[in-house]
Every structure is written in structure tokens, then in C-alpha cells.
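Heads up: the structure comes next, in C-alpha cells.
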Amino acid sequence: MSTADVDVREREPAGEQRGGVSAAAADSTFQEVDDRERVTPAIEFRDVTLAFDEQVILDRLSFKVRKGETKIILGGSGGGKSTTIKLILGLLKPDGGRILVDGEDITDYTEAQMMSVRKKIGMVFQEGALFDSLSVYDNVAYRLHEQGVPEEEVEQEVRRMLRFVNLEEAIDKMPIELSGGMRRRVGIARALVGGPKIVMFDEPTAGLDPPTARTICELAIKLRDLEDVSSIFVTHEMNNVKYITSEYAVVNDEGEIDFELEGQRLCLTNTKVLMLRGGKIIFEGTDEALHRNEDPYIQRFIRGH
């Protein structure tokens, strides 16, 4: 792995410069290269194929999600976006190729073996997927209750996660009392219980108004920048791409979280875009490169046509 493969992220004001990059940033880059754990991708697809009867869903799909990286997967309906998440969770099995999670080949795992893999992964569904008969507290606590965690620890973790999504005041409410955006945020809190280092977002802003959608994107940014979480963010909405690729989260001197635009300080958001069409990758790279790409399909997609 070369230094070109590593995103340089420095959140302190630029100090001593080495060829335009601060010494601290350069040092952190080389440190990451030497860190074998970080070199191992959080998720890797190797020539993955999947078809239903005659319909090819994924056609020799290969990509990596590095530690602490967000991979935004774009594409039209039926392009294979959500299928990638089902494969990672073991809900579908590929016809060919290999799938690795944290360097572990899960392709042929049984349902029992997948249980331990899924514990590493938080899943945010399109509609929040809450249990309507359970309170917010019990929805977020569900996995911990299943594991028999002592209630005192459960309450601490539930409150911590609800604070992360700014919903601690809703802890005793029922899902029917929540707005659509609040339901999504509770779904995110539930996905984050136990501190998974990999999180999947499957169209998490679908049907939400722009300010609420932005709030969901900000939670994804906080996970990336403050929790070092690796994530896949499946979407068809270009506003999500704009938010996640152009902003980053920092903690200010008062201990509060601020969102700053890329370029205000030396910081490259650790995010890449991957676009699928017909089960194949037609683009992979930065959002800037996506907008410069002259492919007519990509340009129509960007314009929302």
C-alpha cells in the first residue's frame, strides 16, 4: 500500500510544512501505512457475481472500504446498491467471488458463523425499522437485552447512543409518537449499540425533508470523523453526496461538535464515491472527479434526470 492510498486527515492548524503538507500530517500518513491493522480493509469485494435466473445483479464487483472510510454507493433502482449490503450481512450468497470483513473471508459462512460477523456491524434501514410495540429505550436496548447485559449497563449505553443522535429526551416515547426523521435517528442509535466499527446505511434519508436528511448525514460524518467508523452509505440522492464529501466534524475548545467545510483547515474527508450501473462499477473516486466525469449517464444522474 502506498502513501497515495491513504487519506491525510489533520485536524490541527497546519504547522511546519513539508512540501505543502504539515509535518504532523505527513507523520500520521506514514504511521497509518505502517499500521497493519489499518491496512486491512474493513470490507472487500473480490470479483463478486450474483444473478437471479437470467438477471445479472452484480457482475464481477470489486471494491474496498478502508478503516475509517465512508464509501457512498450510488446508482439507479435495481443497480445492485442494496444487494451489496445483503451480501455483507450474509443474507444473500454470491454465485462467485469472495467477500471479506476485517480480512475474514465470510463468503461460505453458515448462518451460525455469520452471527459473530454481524455483531461487528451496525445496520441502519431505510425506514428505521423500529419495533412499534417497544419504547425508544427498549428499541435501542434490544440487542443488549438479547445478550443478557445487566440493566445498569444497558441504560448507560442506551443513553449514550441517544445523546449521540440528540434524542435522549425521547427515551420513554413510543415509535408512533416520533416524526420520520426521529425514527431514523433512533434506528441509528440502535445500530450503534455495542460500538460497531462498521456501519451500513441503506437509503437512510429516503422520504425525508432536506433539513432532516442533512441531520442524518451529519450523524454519518460524526461516525467517520470522531469514531473512526467504516461505513457504506447507499443512496440515490446527490445532496447526501455533497454533505458527506464536503464537511467534516471536529470538537471545539468547549467540547462541542462543529461541522466545517473541507478546505477550511488541512483536511481531506475520508470518503469515496462508487457508482453502479447494471451490476458493474462505472465510477469510483472523489466527488470532484464524479462531477468532472463526462459519461452521459453519470451527468444525467447528477442532474437528477
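Within each chain, counting starts at residue 1; across the C-alpha cells, chains are named A, B, ... in the order shown, with ligands numbered 1 upward in that order.
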For this session: Please provide as a PyMOL selection string all residues within 10 Å of Arg185 (chain A), with the sequence filter that same-chain residues fewer than 2 positions apart are discarded (counting only C-alpha atoms).
Result: chain A and resi 124+128+161-162+164-167+179-183+187-191+204+212+215-216+219
Could you write those residues out with N, CA, C and O atoms, as a tab-separated table (two decimals), in the first residue's frame?
chain	number	residue	atom	x	y	z
A	124	VAL	N	-28.40	0.41	9.49
A	124	VAL	CA	-29.42	1.45	9.51
A	124	VAL	C	-30.32	1.24	8.29
A	124	VAL	O	-29.88	1.39	7.14
A	128	GLY	N	-36.01	3.03	9.28
A	128	GLY	CA	-35.73	2.98	10.71
A	128	GLY	C	-35.98	1.60	11.29
A	128	GLY	O	-35.28	1.15	12.18
A	161	MET	N	-25.99	6.43	23.41
A	161	MET	CA	-26.32	6.40	21.98
A	161	MET	C	-27.39	7.43	21.62
A	161	MET	O	-27.32	8.06	20.57
A	162	LEU	N	-28.37	7.59	22.50
A	162	LEU	CA	-29.41	8.59	22.22
A	162	LEU	C	-28.85	10.01	22.30
A	162	LEU	O	-29.28	10.90	21.56
A	164	PHE	N	-25.85	10.71	21.36
A	164	PHE	CA	-25.10	10.84	20.11
A	164	PHE	C	-26.01	11.31	18.97
A	164	PHE	O	-25.59	12.08	18.11
A	165	VAL	N	-27.27	10.85	18.97
A	165	VAL	CA	-28.20	11.25	17.90
A	165	VAL	C	-29.14	12.37	18.36
A	165	VAL	O	-30.14	12.67	17.70
A	166	ASN	N	-28.81	13.00	19.52
A	166	ASN	CA	-29.57	14.14	20.06
A	166	ASN	C	-31.04	13.81	20.30
A	166	ASN	O	-31.93	14.58	19.95
A	167	LEU	N	-31.29	12.66	20.92
A	167	LEU	CA	-32.67	12.25	21.18
A	167	LEU	C	-32.87	11.68	22.58
A	167	LEU	O	-33.82	10.92	22.80
A	179	SER	N	-41.50	11.64	14.75
A	179	SER	CA	-41.51	12.01	13.33
A	179	SER	C	-40.65	11.00	12.56
A	179	SER	O	-39.90	10.21	13.15
A	180	GLY	N	-40.75	11.06	11.24
A	180	GLY	CA	-39.96	10.15	10.41
A	180	GLY	C	-38.47	10.31	10.64
A	180	GLY	O	-37.73	9.32	10.75
A	181	GLY	N	-38.01	11.55	10.76
A	181	GLY	CA	-36.59	11.79	10.99
A	181	GLY	C	-36.14	11.29	12.35
A	181	GLY	O	-35.04	10.75	12.50
A	182	MET	N	-37.00	11.45	13.36
A	182	MET	CA	-36.65	10.95	14.69
A	182	MET	C	-36.58	9.42	14.70
A	182	MET	O	-35.70	8.84	15.33
A	183	ARG	N	-37.47	8.77	13.97
A	183	ARG	CA	-37.44	7.31	13.88
A	183	ARG	C	-36.11	6.85	13.26
A	183	ARG	O	-35.51	5.88	13.72
A	187	GLY	N	-33.19	4.59	14.93
A	187	GLY	CA	-32.63	3.44	14.23
A	187	GLY	C	-31.12	3.48	14.19
A	187	GLY	O	-30.45	2.44	14.34
A	188	ILE	N	-30.56	4.67	14.03
A	188	ILE	CA	-29.10	4.81	14.03
A	188	ILE	C	-28.55	4.52	15.42
A	188	ILE	O	-27.54	3.81	15.58
A	189	ALA	N	-29.22	5.05	16.47
A	189	ALA	CA	-28.78	4.77	17.84
A	189	ALA	C	-28.77	3.27	18.10
A	189	ALA	O	-27.82	2.73	18.69
A	190	ARG	N	-29.81	2.58	17.66
A	190	ARG	CA	-29.87	1.13	17.87
A	190	ARG	C	-28.74	0.43	17.13
A	190	ARG	O	-28.13	-0.53	17.63
A	191	ALA	N	-28.43	0.90	15.91
A	191	ALA	CA	-27.36	0.28	15.13
A	191	ALA	C	-26.00	0.46	15.78
A	191	ALA	O	-25.09	-0.35	15.58
A	204	PRO	N	-30.82	5.85	4.00
A	204	PRO	CA	-31.32	6.32	5.31
A	204	PRO	C	-32.08	7.63	5.24
A	204	PRO	O	-32.76	7.98	6.21
A	212	THR	N	-33.87	17.45	7.60
A	212	THR	CA	-33.77	16.20	8.35
A	212	THR	C	-32.76	15.27	7.70
A	212	THR	O	-31.98	14.59	8.40
A	215	THR	N	-29.40	16.19	8.76
A	215	THR	CA	-29.10	15.73	10.12
A	215	THR	C	-28.60	14.28	10.10
A	215	THR	O	-27.65	13.93	10.81
A	216	ILE	N	-29.23	13.43	9.28
A	216	ILE	CA	-28.80	12.03	9.17
A	216	ILE	C	-27.39	11.97	8.60
A	216	ILE	O	-26.54	11.20	9.08
A	219	LEU	N	-24.81	12.76	11.20
A	219	LEU	CA	-24.52	11.63	12.08
A	219	LEU	C	-23.51	10.69	11.43
A	219	LEU	O	-22.60	10.18	12.09
For this session: For Tyr142 (chain A), work out the shell of residues within 12 Å, counting only C-alpha atoms and skipping chain neighbours fewer than 5 positions away, then give it as number ranges by chain.
Result: A: 130-131, 134-137, 147-149, 151, 154-155, 157-158, 186-187, 189-194
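Here CA of Ser133 (chain A) is placed at a distance of 15.3 Å from CA of Ala170 (chain A).
Considering only C-alpha atoms, the residue among A:Met174, A:Ile121, A:Leu276, A:Val251 positioned nearest to Val234 (chain A) is A:Leu276.
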Could you pull the residues within 9 Å of region 90-102 of chain A, counting only C-alpha atoms, minus those fewer than 2 positions along the same chain, as a PDB file with N, CA and C atoms, in the first residue's frame?
ATOM      1  N   GLU A  37      -3.047  -3.152  10.974  1.00  0.00           N
ATOM      2  CA  GLU A  37      -4.480  -3.286  11.228  1.00  0.00           C
ATOM      3  C   GLU A  37      -5.267  -2.336  10.342  1.00  0.00           C
ATOM      4  N   THR A  40      -5.533  -3.474   6.523  1.00  0.00           N
ATOM      5  CA  THR A  40      -6.561  -4.467   6.212  1.00  0.00           C
ATOM      6  C   THR A  40      -7.894  -3.764   6.009  1.00  0.00           C
ATOM      7  N   PRO A  41      -8.520  -3.898   4.831  1.00  0.00           N
ATOM      8  CA  PRO A  41      -9.799  -3.217   4.603  1.00  0.00           C
ATOM      9  C   PRO A  41     -10.875  -3.702   5.574  1.00  0.00           C
ATOM     10  N   ALA A  42     -11.796  -2.798   5.915  1.00  0.00           N
ATOM     11  CA  ALA A  42     -12.938  -3.198   6.734  1.00  0.00           C
ATOM     12  C   ALA A  42     -13.847  -4.126   5.937  1.00  0.00           C
ATOM     13  N   ILE A  43     -13.985  -3.822   4.647  1.00  0.00           N
ATOM     14  CA  ILE A  43     -14.817  -4.633   3.745  1.00  0.00           C
ATOM     15  C   ILE A  43     -14.096  -4.751   2.416  1.00  0.00           C
ATOM     16  N   GLU A  44     -14.155  -5.917   1.821  1.00  0.00           N
ATOM     17  CA  GLU A  44     -13.559  -6.098   0.499  1.00  0.00           C
ATOM     18  C   GLU A  44     -14.405  -7.064  -0.329  1.00  0.00           C
ATOM     19  N   PHE A  45     -14.732  -6.635  -1.541  1.00  0.00           N
ATOM     20  CA  PHE A  45     -15.376  -7.493  -2.537  1.00  0.00           C
ATOM     21  C   PHE A  45     -14.338  -7.836  -3.596  1.00  0.00           C
ATOM     22  N   ARG A  46     -14.223  -9.136  -3.925  1.00  0.00           N
ATOM     23  CA  ARG A  46     -13.292  -9.582  -4.959  1.00  0.00           C
ATOM     24  C   ARG A  46     -14.052 -10.320  -6.048  1.00  0.00           C
ATOM     25  N   ASP A  47     -14.271  -9.654  -7.176  1.00  0.00           N
ATOM     26  CA  ASP A  47     -14.921 -10.272  -8.344  1.00  0.00           C
ATOM     27  C   ASP A  47     -16.238 -10.955  -7.968  1.00  0.00           C
ATOM     28  N   VAL A  48     -17.069 -10.257  -7.221  1.00  0.00           N
ATOM     29  CA  VAL A  48     -18.322 -10.840  -6.744  1.00  0.00           C
ATOM     30  C   VAL A  48     -19.379 -10.805  -7.852  1.00  0.00           C
ATOM     31  N   THR A  49     -19.992 -11.950  -8.100  1.00  0.00           N
ATOM     32  CA  THR A  49     -21.066 -12.039  -9.089  1.00  0.00           C
ATOM     33  C   THR A  49     -22.317 -12.591  -8.416  1.00  0.00           C
ATOM     34  N   LEU A  50     -23.466 -12.132  -8.909  1.00  0.00           N
ATOM     35  CA  LEU A  50     -24.741 -12.613  -8.396  1.00  0.00           C
ATOM     36  C   LEU A  50     -25.795 -12.430  -9.482  1.00  0.00           C
ATOM     37  N   ALA A  51     -26.581 -13.468  -9.710  1.00  0.00           N
ATOM     38  CA  ALA A  51     -27.667 -13.388 -10.687  1.00  0.00           C
ATOM     39  C   ALA A  51     -28.889 -14.088 -10.140  1.00  0.00           C
ATOM     40  N   LEU A  58     -25.022  -8.401  -9.892  1.00  0.00           N
ATOM     41  CA  LEU A  58     -23.653  -7.910  -9.736  1.00  0.00           C
ATOM     42  C   LEU A  58     -22.752  -8.674 -10.689  1.00  0.00           C
ATOM     43  N   ARG A  60     -18.949  -9.243 -11.431  1.00  0.00           N
ATOM     44  CA  ARG A  60     -17.530  -9.180 -11.074  1.00  0.00           C
ATOM     45  C   ARG A  60     -17.205  -7.873 -10.337  1.00  0.00           C
ATOM     46  N   LEU A  61     -17.956  -7.645  -9.266  1.00  0.00           N
ATOM     47  CA  LEU A  61     -17.818  -6.410  -8.487  1.00  0.00           C
ATOM     48  C   LEU A  61     -16.626  -6.511  -7.537  1.00  0.00           C
ATOM     49  N   SER A  62     -15.720  -5.535  -7.617  1.00  0.00           N
ATOM     50  CA  SER A  62     -14.543  -5.485  -6.732  1.00  0.00           C
ATOM     51  C   SER A  62     -14.382  -4.079  -6.175  1.00  0.00           C
ATOM     52  N   LYS A  67     -10.368   1.207   6.671  1.00  0.00           N
ATOM     53  CA  LYS A  67     -10.710   1.547   8.053  1.00  0.00           C
ATOM     54  C   LYS A  67     -10.967   3.057   8.160  1.00  0.00           C
ATOM     55  N   THR A  83     -28.073  -4.666  -2.650  1.00  0.00           N
ATOM     56  CA  THR A  83     -27.634  -6.068  -2.682  1.00  0.00           C
ATOM     57  C   THR A  83     -26.265  -6.225  -2.032  1.00  0.00           C
ATOM     58  N   ILE A  85     -25.112  -4.708   0.529  1.00  0.00           N
ATOM     59  CA  ILE A  85     -25.291  -4.770   1.987  1.00  0.00           C
ATOM     60  C   ILE A  85     -25.794  -6.147   2.396  1.00  0.00           C
ATOM     61  N   LYS A  86     -26.748  -6.704   1.654  1.00  0.00           N
ATOM     62  CA  LYS A  86     -27.284  -8.027   1.982  1.00  0.00           C
ATOM     63  C   LYS A  86     -26.192  -9.092   1.898  1.00  0.00           C
ATOM     64  N   LEU A  87     -25.271  -8.932   0.963  1.00  0.00           N
ATOM     65  CA  LEU A  87     -24.163  -9.884   0.835  1.00  0.00           C
ATOM     66  C   LEU A  87     -23.215  -9.785   2.027  1.00  0.00           C
ATOM     67  N   ILE A  88     -22.934  -8.569   2.457  1.00  0.00           N
ATOM     68  CA  ILE A  88     -22.031  -8.375   3.594  1.00  0.00           C
ATOM     69  C   ILE A  88     -22.632  -8.968   4.872  1.00  0.00           C
ATOM     70  N   GLU A 104     -11.464 -11.196   7.108  1.00  0.00           N
ATOM     71  CA  GLU A 104     -12.013 -12.534   7.323  1.00  0.00           C
ATOM     72  C   GLU A 104     -12.915 -12.898   6.139  1.00  0.00           C
ATOM     73  N   ASP A 105     -12.611 -13.999   5.456  1.00  0.00           N
ATOM     74  CA  ASP A 105     -13.401 -14.429   4.301  1.00  0.00           C
ATOM     75  C   ASP A 105     -14.709 -15.044   4.798  1.00  0.00           C
ATOM     76  N   ILE A 106     -15.819 -14.332   4.574  1.00  0.00           N
ATOM     77  CA  ILE A 106     -17.118 -14.774   5.086  1.00  0.00           C
ATOM     78  C   ILE A 106     -17.978 -15.431   4.006  1.00  0.00           C
ATOM     79  N   THR A 107     -17.444 -15.568   2.800  1.00  0.00           N
ATOM     80  CA  THR A 107     -18.241 -15.976   1.642  1.00  0.00           C
ATOM     81  C   THR A 107     -19.045 -17.243   1.895  1.00  0.00           C
ATOM     82  N   ASP A 108     -18.415 -18.235   2.482  1.00  0.00           N
ATOM     83  CA  ASP A 108     -19.068 -19.532   2.655  1.00  0.00           C
ATOM     84  C   ASP A 108     -19.535 -19.783   4.088  1.00  0.00           C
ATOM     85  N   TYR A 109     -19.635 -18.734   4.883  1.00  0.00           N
ATOM     86  CA  TYR A 109     -20.020 -18.910   6.281  1.00  0.00           C
ATOM     87  C   TYR A 109     -21.463 -19.406   6.399  1.00  0.00           C
ATOM     88  N   THR A 110     -21.677 -20.238   7.397  1.00  0.00           N
ATOM     89  CA  THR A 110     -23.033 -20.669   7.740  1.00  0.00           C
ATOM     90  C   THR A 110     -23.740 -19.539   8.484  1.00  0.00           C
ATOM     91  N   GLU A 111     -25.047 -19.708   8.681  1.00  0.00           N
ATOM     92  CA  GLU A 111     -25.816 -18.717   9.435  1.00  0.00           C
ATOM     93  C   GLU A 111     -25.250 -18.561  10.843  1.00  0.00           C
ATOM     94  N   MET A 114     -22.128 -16.497  10.731  1.00  0.00           N
ATOM     95  CA  MET A 114     -22.398 -15.094  10.405  1.00  0.00           C
ATOM     96  C   MET A 114     -22.844 -14.304  11.628  1.00  0.00           C
ATOM     97  N   VAL A 117     -20.045 -12.308  12.929  1.00  0.00           N
ATOM     98  CA  VAL A 117     -19.679 -11.235  11.999  1.00  0.00           C
ATOM     99  C   VAL A 117     -20.645 -10.067  12.129  1.00  0.00           C
ATOM    100  N   ARG A 118     -21.927 -10.380  12.238  1.00  0.00           N
ATOM    101  CA  ARG A 118     -22.944  -9.316  12.309  1.00  0.00           C
ATOM    102  C   ARG A 118     -22.809  -8.484  13.579  1.00  0.00           C
TER     103      ARG A 118
END
For this session: Go ahead and compute the interatomic distance for CA of Ser246 (chain A) and CA of Leu261 (chain A), in Å to one decimal.
Result: 5.7 Å
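Nearest to Phe125 (chain A) of all the residues A:Pro296, A:Ser82, A:Phe201, A:Asp53 is A:Phe201, counting only C-alpha atoms.
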Exercise. What is the distance between CA of Arg277 (chain A) and CA of Val229 (chain A), in Å to one decimal?
Worked result: 26.9 Å
Problem set entry | Best match for closeness to Asp59 (chain A) among A:Gly79, A:Pro196, A:Pro211, A:Pro150, counting only C-alpha atoms | A:Gly79
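Proximity to Glu256 (chain A) was assessed for A:Ile282, A:Val273, A:Leu226, A:Ala129 counting only C-alpha atoms; the smallest distance is recorded for A:Leu226.
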